[in-house]
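J.: Below is the structure I would like to discuss, written out as structure tokens.
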Amino acid sequence: MGELHERKNHRVVIEALHKLKDSKIVYLLVGQGDLEKEYKWLVKSYSLESNVKFLGFQENVNELYWASDCFVHPSTREGFGIAPMEAMAAGLPVIVSNVNGIKDYTKHKDTGYCIEPKSVDAWAEAIYSMKKNYIFRKKCALQNRKIARKYSVTKSQNIVKKVYADME
């Protein structure tokens with residue numbers, strides 16, 4: 001979601017899809033950025049046009065969450081990682097990089113898979129496993145909704161109000 005830049009690391013997912021060669025897996029890339037042409041070239045060179053769809057900038061991603069079986073976020077670094085949290089709130093299992101921010105609210109094999117950002121093999125294995133294991137996806141989806149509630153706007157506002165009240 002959001003950007004096609006180096007730190008978002010979409011190349012690792014494209015490489016993983018090339019390794020898997022599974023025509024039933026589709027990766028929706030939302031956003032724009034300086035690597036868009038390079039990624040499109042890579043997708044074409046791997047004959048993955050049916051597996052990778054470039055959707056450009058999207059105002060409302062809720063329909064994409066609802067149409068998806070899993071959310072994949074391969075960033076090499078994040079502050080908090082809003083997009084994975086949004087996906088979790090929408091009830092999606094996640095495959096995310098085990099990096100700062102994201103690893104604060106995800107747990108490997110509980111919320112989905114939390115893996116090293118540069119390992120093509122690990123991404124391929126996680127994507128394949130998530131595709132094959134419907135029960136695991138549903139378990140993670142339920143867990144993710146519970147976790148996302150802890151970070152809701154209302155709860156965050158109440159915490160900030162309490163902090164300010166305590167300072168008075």
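Chain labels run A, B, ... following the order of the structure tokens; each chain numbers its residues from 1, and ligands are numbered from 1 in the order shown.
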Using 12 Å as the limit and counting only C-alpha atoms, can you tabulate each residue of segment 114-138 of chain A that touches segment 26-29 of chain A, with its shortest atom-to-atom distance in Å and the two atoms involved, as CSV?

T.:
```
residue,atom,partner,partner_atom,distance
A:Ile127,CA,A:Tyr27,CA,10.3
A:Tyr128,CA,A:Val26,CA,11.8
A:Lys131,CA,A:Val26,CA,10.7
```

J.: Within 12 Å of Asn60 of chain A, counting only C-alpha atoms, which residues show up once you throw out same-chain ones fewer than 4 positions away? Write them as a PyMOL selection string, please.

T.: chain A and resi 1-2+30-31+55-56+64-66+86

J.: What's the 7 Å shell around Val94 of chain A, counting only C-alpha atoms, without same-chain residues fewer than 2 positions away, as a VMD selection string?

T.: chain A and resid 70 to 72 92 96 111 to 113

J.: For the residues in the current selection, export N, CA, C and O atoms as a PDB file, in the first residue's frame.

T.:
```pdb
ATOM      1  N   CYS A  70      -5.389 -12.112   2.103  1.00  0.00           N
ATOM      2  CA  CYS A  70      -4.218 -11.874   2.944  1.00  0.00           C
ATOM      3  C   CYS A  70      -3.632 -10.514   2.583  1.00  0.00           C
ATOM      4  O   CYS A  70      -3.793 -10.041   1.459  1.00  0.00           O
ATOM      5  N   PHE A  71      -2.940  -9.917   3.549  1.00  0.00           N
ATOM      6  CA  PHE A  71      -2.254  -8.650   3.311  1.00  0.00           C
ATOM      7  C   PHE A  71      -0.753  -8.895   3.412  1.00  0.00           C
ATOM      8  O   PHE A  71      -0.274  -9.467   4.392  1.00  0.00           O
ATOM      9  N   VAL A  72      -0.019  -8.444   2.410  1.00  0.00           N
ATOM     10  CA  VAL A  72       1.428  -8.652   2.357  1.00  0.00           C
ATOM     11  C   VAL A  72       2.116  -7.290   2.410  1.00  0.00           C
ATOM     12  O   VAL A  72       1.798  -6.397   1.623  1.00  0.00           O
ATOM     13  N   LEU A  92      -7.929  -9.196   8.011  1.00  0.00           N
ATOM     14  CA  LEU A  92      -7.041  -9.969   7.143  1.00  0.00           C
ATOM     15  C   LEU A  92      -5.868 -10.540   7.929  1.00  0.00           C
ATOM     16  O   LEU A  92      -5.317  -9.867   8.803  1.00  0.00           O
ATOM     17  N   VAL A  96       4.129 -10.016   6.989  1.00  0.00           N
ATOM     18  CA  VAL A  96       4.823  -8.744   7.153  1.00  0.00           C
ATOM     19  C   VAL A  96       6.293  -8.963   7.449  1.00  0.00           C
ATOM     20  O   VAL A  96       6.704 -10.039   7.888  1.00  0.00           O
ATOM     21  N   THR A 111      -0.601 -13.715  14.142  1.00  0.00           N
ATOM     22  CA  THR A 111      -1.266 -12.716  13.297  1.00  0.00           C
ATOM     23  C   THR A 111      -1.085 -13.043  11.815  1.00  0.00           C
ATOM     24  O   THR A 111      -1.707 -12.441  10.960  1.00  0.00           O
ATOM     25  N   GLY A 112      -0.223 -13.993  11.552  1.00  0.00           N
ATOM     26  CA  GLY A 112       0.160 -14.391  10.194  1.00  0.00           C
ATOM     27  C   GLY A 112       1.613 -14.786  10.233  1.00  0.00           C
ATOM     28  O   GLY A 112       2.035 -15.511  11.138  1.00  0.00           O
ATOM     29  N   TYR A 113       2.380 -14.281   9.292  1.00  0.00           N
ATOM     30  CA  TYR A 113       3.809 -14.569   9.260  1.00  0.00           C
ATOM     31  C   TYR A 113       4.593 -13.269   9.349  1.00  0.00           C
ATOM     32  O   TYR A 113       4.284 -12.302   8.659  1.00  0.00           O
TER      33      TYR A 113
END
```

J.: Considering only C-alpha atoms, can you say which of A:Asn9, A:Trp41, A:Asn62, A:Lys132 comes closest to Ala89 of chain A?

T.: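 Of the candidates, the smallest distance to Ala89 of chain A is held by A:Asn62.
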
J.: Sorted by chain and rising residue number, which residues of segment 72-139 of chain A lie within 10 Å of segment 146-151 of chain A, and what are their closest atom pairs and distances in Å to one decimal, counting only C-alpha atoms, as a tab-separated table?

T.:
```
residue	atom	partner	partner_atom	distance
A:Pro84	CA	A:Ala148	CA	9.7
A:Met85	CA	A:Ala148	CA	6.2
A:Glu86	CA	A:Ala148	CA	7.7
A:Ala87	CA	A:Ala148	CA	8.9
A:Met88	CA	A:Ala148	CA	6.1
A:Ala89	CA	A:Ala148	CA	5.0
A:Ala90	CA	A:Ala148	CA	8.8
A:Gly91	CA	A:Ala148	CA	9.0
A:Tyr105	CA	A:Ile147	CA	7.4
A:Thr106	CA	A:Ile147	CA	8.5
A:Thr111	CA	A:Ile147	CA	8.8
```

J.: For the selection you just gave me, I'd like the residues written to a file as a tab-separated table (two decimals), in the first residue's frame, keeping C-alpha atoms.

T.:
```tsv
chain	number	residue	atom	x	y	z
A	84	PRO	CA	-0.79	-3.55	8.11
A	85	MET	CA	-2.83	-2.32	11.09
A	86	GLU	CA	-5.63	-1.22	8.75
A	87	ALA	CA	-5.57	-4.64	7.08
A	88	MET	CA	-5.70	-6.36	10.46
A	89	ALA	CA	-8.69	-4.20	11.45
A	90	ALA	CA	-10.36	-5.28	8.21
A	91	GLY	CA	-9.92	-8.89	9.33
A	105	TYR	CA	1.83	-5.51	17.14
A	106	THR	CA	2.33	-8.67	15.09
A	111	THR	CA	-1.27	-12.72	13.30
```

J.: Using backbone DSSP assignments, extract all helix (DSSP H, G or I) residues from segment 18-100 of chain A; output them as a list in words.

T.: His18, Lys19, Leu20, Glu36, Lys37, Glu38, Tyr39, Lys40, Trp41, Leu42, Val43, Lys44, Ser45, Asn62, Glu63, Leu64, Tyr65, Trp66, Ile82, Ala83, Pro84, Met85, Glu86, Ala87, Met88 and Ala89 of chain A

J.: Which one of A:His73, A:Lys118, A:Lys44, A:His108 sits closest to Phe136 of chain A if you count only C-alpha atoms?

T.: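 Answer, going by the shortest atom-to-atom distance: A:His108.
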
J.: Tell me, as number ranges by chain, which residues lie within 8 Å of Arg137 of chain A, counting only C-alpha atoms; anything in the same chain fewer than 2 positions away does not count.

T.: A: 69-70, 92-93, 112, 130, 133-135, 139-141

J.: Using only C-alpha atoms, pick whichever of A:Ala165, A:Leu20, A:Val13, A:Cys114 has the shortest atom-to-atom distance to Val52 of chain A.

T.: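 Counting only C-alpha atoms, the residue closest to Val52 of chain A is A:Val13.
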
J.: DSSP on the backbone, strand (DSSP E) only: what residues of segment 19-163 of chain A does that give? Format it as a ChimeraX atom specification.

T.: /A:27-30,52-56,71-73,94-97,112-115

J.: Could the residues in this selection be written to a file with all heavy atoms, as a short mmCIF file (atom, residue, chain, number, x, y, z; two decimals), in the first residue's frame?

T.:
```
data_model
loop_
_atom_site.label_atom_id
_atom_site.label_comp_id
_atom_site.auth_asym_id
_atom_site.auth_seq_id
_atom_site.Cartn_x
_atom_site.Cartn_y
_atom_site.Cartn_z
N TYR A 27 -1.04 -10.52 -6.62
CA TYR A 27 -0.49 -9.49 -5.74
C TYR A 27 -0.95 -8.14 -6.28
O TYR A 27 -0.60 -7.75 -7.39
CB TYR A 27 1.03 -9.61 -5.74
CG TYR A 27 1.78 -8.70 -4.81
CD1 TYR A 27 1.42 -8.56 -3.48
CD2 TYR A 27 2.89 -8.00 -5.25
CE1 TYR A 27 2.14 -7.76 -2.61
CE2 TYR A 27 3.63 -7.19 -4.39
CZ TYR A 27 3.24 -7.07 -3.07
OH TYR A 27 3.96 -6.27 -2.22
N LEU A 28 -1.74 -7.43 -5.48
CA LEU A 28 -2.23 -6.11 -5.87
C LEU A 28 -1.31 -5.05 -5.31
O LEU A 28 -1.19 -4.90 -4.10
CB LEU A 28 -3.65 -5.89 -5.33
CG LEU A 28 -4.70 -6.93 -5.73
CD1 LEU A 28 -6.03 -6.65 -5.03
CD2 LEU A 28 -4.87 -6.98 -7.24
N LEU A 29 -0.66 -4.33 -6.19
CA LEU A 29 0.27 -3.28 -5.79
C LEU A 29 -0.45 -1.94 -5.87
O LEU A 29 -0.83 -1.49 -6.95
CB LEU A 29 1.49 -3.26 -6.70
CG LEU A 29 2.65 -4.11 -6.26
CD1 LEU A 29 3.69 -4.23 -7.36
CD2 LEU A 29 3.28 -3.55 -5.02
N VAL A 30 -0.66 -1.32 -4.72
CA VAL A 30 -1.35 -0.05 -4.64
C VAL A 30 -0.32 1.05 -4.38
O VAL A 30 0.49 0.94 -3.47
CB VAL A 30 -2.40 -0.07 -3.51
CG1 VAL A 30 -3.04 1.30 -3.34
CG2 VAL A 30 -3.46 -1.12 -3.80
N VAL A 52 0.58 -10.09 -10.87
CA VAL A 52 0.87 -8.79 -10.25
C VAL A 52 0.07 -7.72 -10.98
O VAL A 52 0.22 -7.55 -12.20
CB VAL A 52 2.37 -8.46 -10.28
CG1 VAL A 52 2.64 -7.12 -9.61
CG2 VAL A 52 3.19 -9.56 -9.61
N LYS A 53 -0.76 -7.02 -10.23
CA LYS A 53 -1.59 -5.96 -10.80
C LYS A 53 -1.19 -4.62 -10.18
O LYS A 53 -1.16 -4.47 -8.96
CB LYS A 53 -3.07 -6.22 -10.52
CG LYS A 53 -3.57 -7.56 -11.03
CD LYS A 53 -3.49 -7.65 -12.53
CE LYS A 53 -3.99 -9.00 -13.03
NZ LYS A 53 -3.73 -9.19 -14.42
N PHE A 54 -0.88 -3.66 -11.02
CA PHE A 54 -0.51 -2.31 -10.58
C PHE A 54 -1.78 -1.45 -10.58
O PHE A 54 -2.32 -1.16 -11.63
CB PHE A 54 0.54 -1.72 -11.52
CG PHE A 54 1.87 -2.43 -11.43
CD1 PHE A 54 2.11 -3.56 -12.20
CD2 PHE A 54 2.85 -1.98 -10.57
CE1 PHE A 54 3.33 -4.23 -12.12
CE2 PHE A 54 4.07 -2.64 -10.48
CZ PHE A 54 4.31 -3.77 -11.25
N LEU A 55 -2.23 -1.07 -9.40
CA LEU A 55 -3.49 -0.35 -9.27
C LEU A 55 -3.32 1.16 -9.13
O LEU A 55 -4.30 1.90 -9.13
CB LEU A 55 -4.29 -0.87 -8.08
CG LEU A 55 -4.58 -2.38 -8.10
CD1 LEU A 55 -5.40 -2.77 -6.87
CD2 LEU A 55 -5.30 -2.78 -9.38
N GLY A 56 -2.08 1.63 -8.99
CA GLY A 56 -1.84 3.06 -8.84
C GLY A 56 -2.39 3.59 -7.53
O GLY A 56 -2.68 2.84 -6.60
N PHE A 71 -2.94 -9.92 3.55
CA PHE A 71 -2.25 -8.65 3.31
C PHE A 71 -0.75 -8.90 3.41
O PHE A 71 -0.27 -9.47 4.39
CB PHE A 71 -2.69 -7.61 4.34
CG PHE A 71 -2.09 -6.26 4.12
CD1 PHE A 71 -2.60 -5.40 3.17
CD2 PHE A 71 -0.99 -5.84 4.86
CE1 PHE A 71 -2.04 -4.14 2.96
CE2 PHE A 71 -0.42 -4.60 4.66
CZ PHE A 71 -0.95 -3.75 3.70
N VAL A 72 -0.02 -8.44 2.41
CA VAL A 72 1.43 -8.65 2.36
C VAL A 72 2.12 -7.29 2.41
O VAL A 72 1.80 -6.40 1.62
CB VAL A 72 1.81 -9.41 1.06
CG1 VAL A 72 3.31 -9.57 0.96
CG2 VAL A 72 1.11 -10.76 1.02
N HIS A 73 3.06 -7.15 3.35
CA HIS A 73 3.74 -5.86 3.55
C HIS A 73 5.23 -6.12 3.78
O HIS A 73 5.65 -6.37 4.90
CB HIS A 73 3.11 -5.15 4.75
CG HIS A 73 3.43 -3.71 4.86
ND1 HIS A 73 2.88 -2.75 4.04
CD2 HIS A 73 4.25 -3.04 5.70
CE1 HIS A 73 3.33 -1.57 4.38
NE2 HIS A 73 4.18 -1.71 5.37
N VAL A 94 -1.91 -11.42 7.97
CA VAL A 94 -0.85 -10.64 7.36
C VAL A 94 0.43 -11.45 7.18
O VAL A 94 0.71 -12.36 7.96
CB VAL A 94 -0.53 -9.36 8.19
CG1 VAL A 94 -1.73 -8.43 8.22
CG2 VAL A 94 -0.07 -9.70 9.60
N ILE A 95 1.16 -11.09 6.15
CA ILE A 95 2.54 -11.52 5.98
C ILE A 95 3.33 -10.23 5.96
O ILE A 95 3.17 -9.42 5.04
CB ILE A 95 2.76 -12.33 4.69
CG1 ILE A 95 1.82 -13.53 4.62
CG2 ILE A 95 4.22 -12.76 4.59
CD1 ILE A 95 1.88 -14.27 3.28
N VAL A 96 4.13 -10.02 6.99
CA VAL A 96 4.82 -8.74 7.15
C VAL A 96 6.29 -8.96 7.45
O VAL A 96 6.70 -10.04 7.89
CB VAL A 96 4.18 -7.90 8.28
CG1 VAL A 96 2.76 -7.49 7.93
CG2 VAL A 96 4.21 -8.65 9.61
N SER A 97 7.06 -7.93 7.23
CA SER A 97 8.47 -7.94 7.59
C SER A 97 8.61 -7.81 9.10
O SER A 97 7.87 -7.06 9.74
CB SER A 97 9.20 -6.77 6.94
OG SER A 97 9.22 -6.90 5.55
N GLY A 112 -0.22 -13.99 11.55
CA GLY A 112 0.16 -14.39 10.19
C GLY A 112 1.61 -14.79 10.23
O GLY A 112 2.03 -15.51 11.14
N TYR A 113 2.38 -14.28 9.29
CA TYR A 113 3.81 -14.57 9.26
C TYR A 113 4.59 -13.27 9.35
O TYR A 113 4.28 -12.30 8.66
CB TYR A 113 4.19 -15.31 7.98
CG TYR A 113 3.55 -16.67 7.88
CD1 TYR A 113 2.51 -16.92 7.00
CD2 TYR A 113 3.98 -17.71 8.70
CE1 TYR A 113 1.92 -18.16 6.92
CE2 TYR A 113 3.39 -18.96 8.63
CZ TYR A 113 2.37 -19.19 7.73
OH TYR A 113 1.77 -20.42 7.67
N CYS A 114 5.61 -13.27 10.20
CA CYS A 114 6.51 -12.13 10.38
C CYS A 114 7.89 -12.63 10.00
O CYS A 114 8.46 -13.47 10.70
CB CYS A 114 6.50 -11.64 11.82
SG CYS A 114 4.85 -11.27 12.43
N ILE A 115 8.41 -12.14 8.88
CA ILE A 115 9.63 -12.72 8.33
C ILE A 115 10.66 -11.67 7.97
O ILE A 115 10.36 -10.48 7.90
CB ILE A 115 9.29 -13.60 7.10
CG1 ILE A 115 8.47 -12.83 6.09
CG2 ILE A 115 8.56 -14.85 7.52
CD1 ILE A 115 8.01 -13.64 4.91
#
```

J.: Which is closest to Leu4 of chain A among A:Lys138, A:Lys37, A:Arg77, A:Arg145, if we use only C-alpha atoms?

T.: A:Lys37

J.: Give the answer as one residue: which of A:Gly101, A:Asn144, A:Lys40, A:Ile25 has the shortest atom-to-atom distance to Ser68 of chain A, using only C-alpha atoms?

T.: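 Checking each of A:Gly101, A:Asn144, A:Lys40, A:Ile25 against Ser68 of chain A, counting only C-alpha atoms, the winner is A:Ile25.
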
J.: Would you compute the distance between atom CA of Asp110 of chain A and atom CA of Glu78 of chain A? Give it in Å to one decimal.

T.: 20.3 Å

J.: Of the residues A:Gln143, A:Ser75, A:Gln58, A:Asn100, which is the one nearest to Ser119 of chain A, using only C-alpha atoms?

T.: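 Of all the options, A:Ser75 lies closest to Ser119 of chain A.
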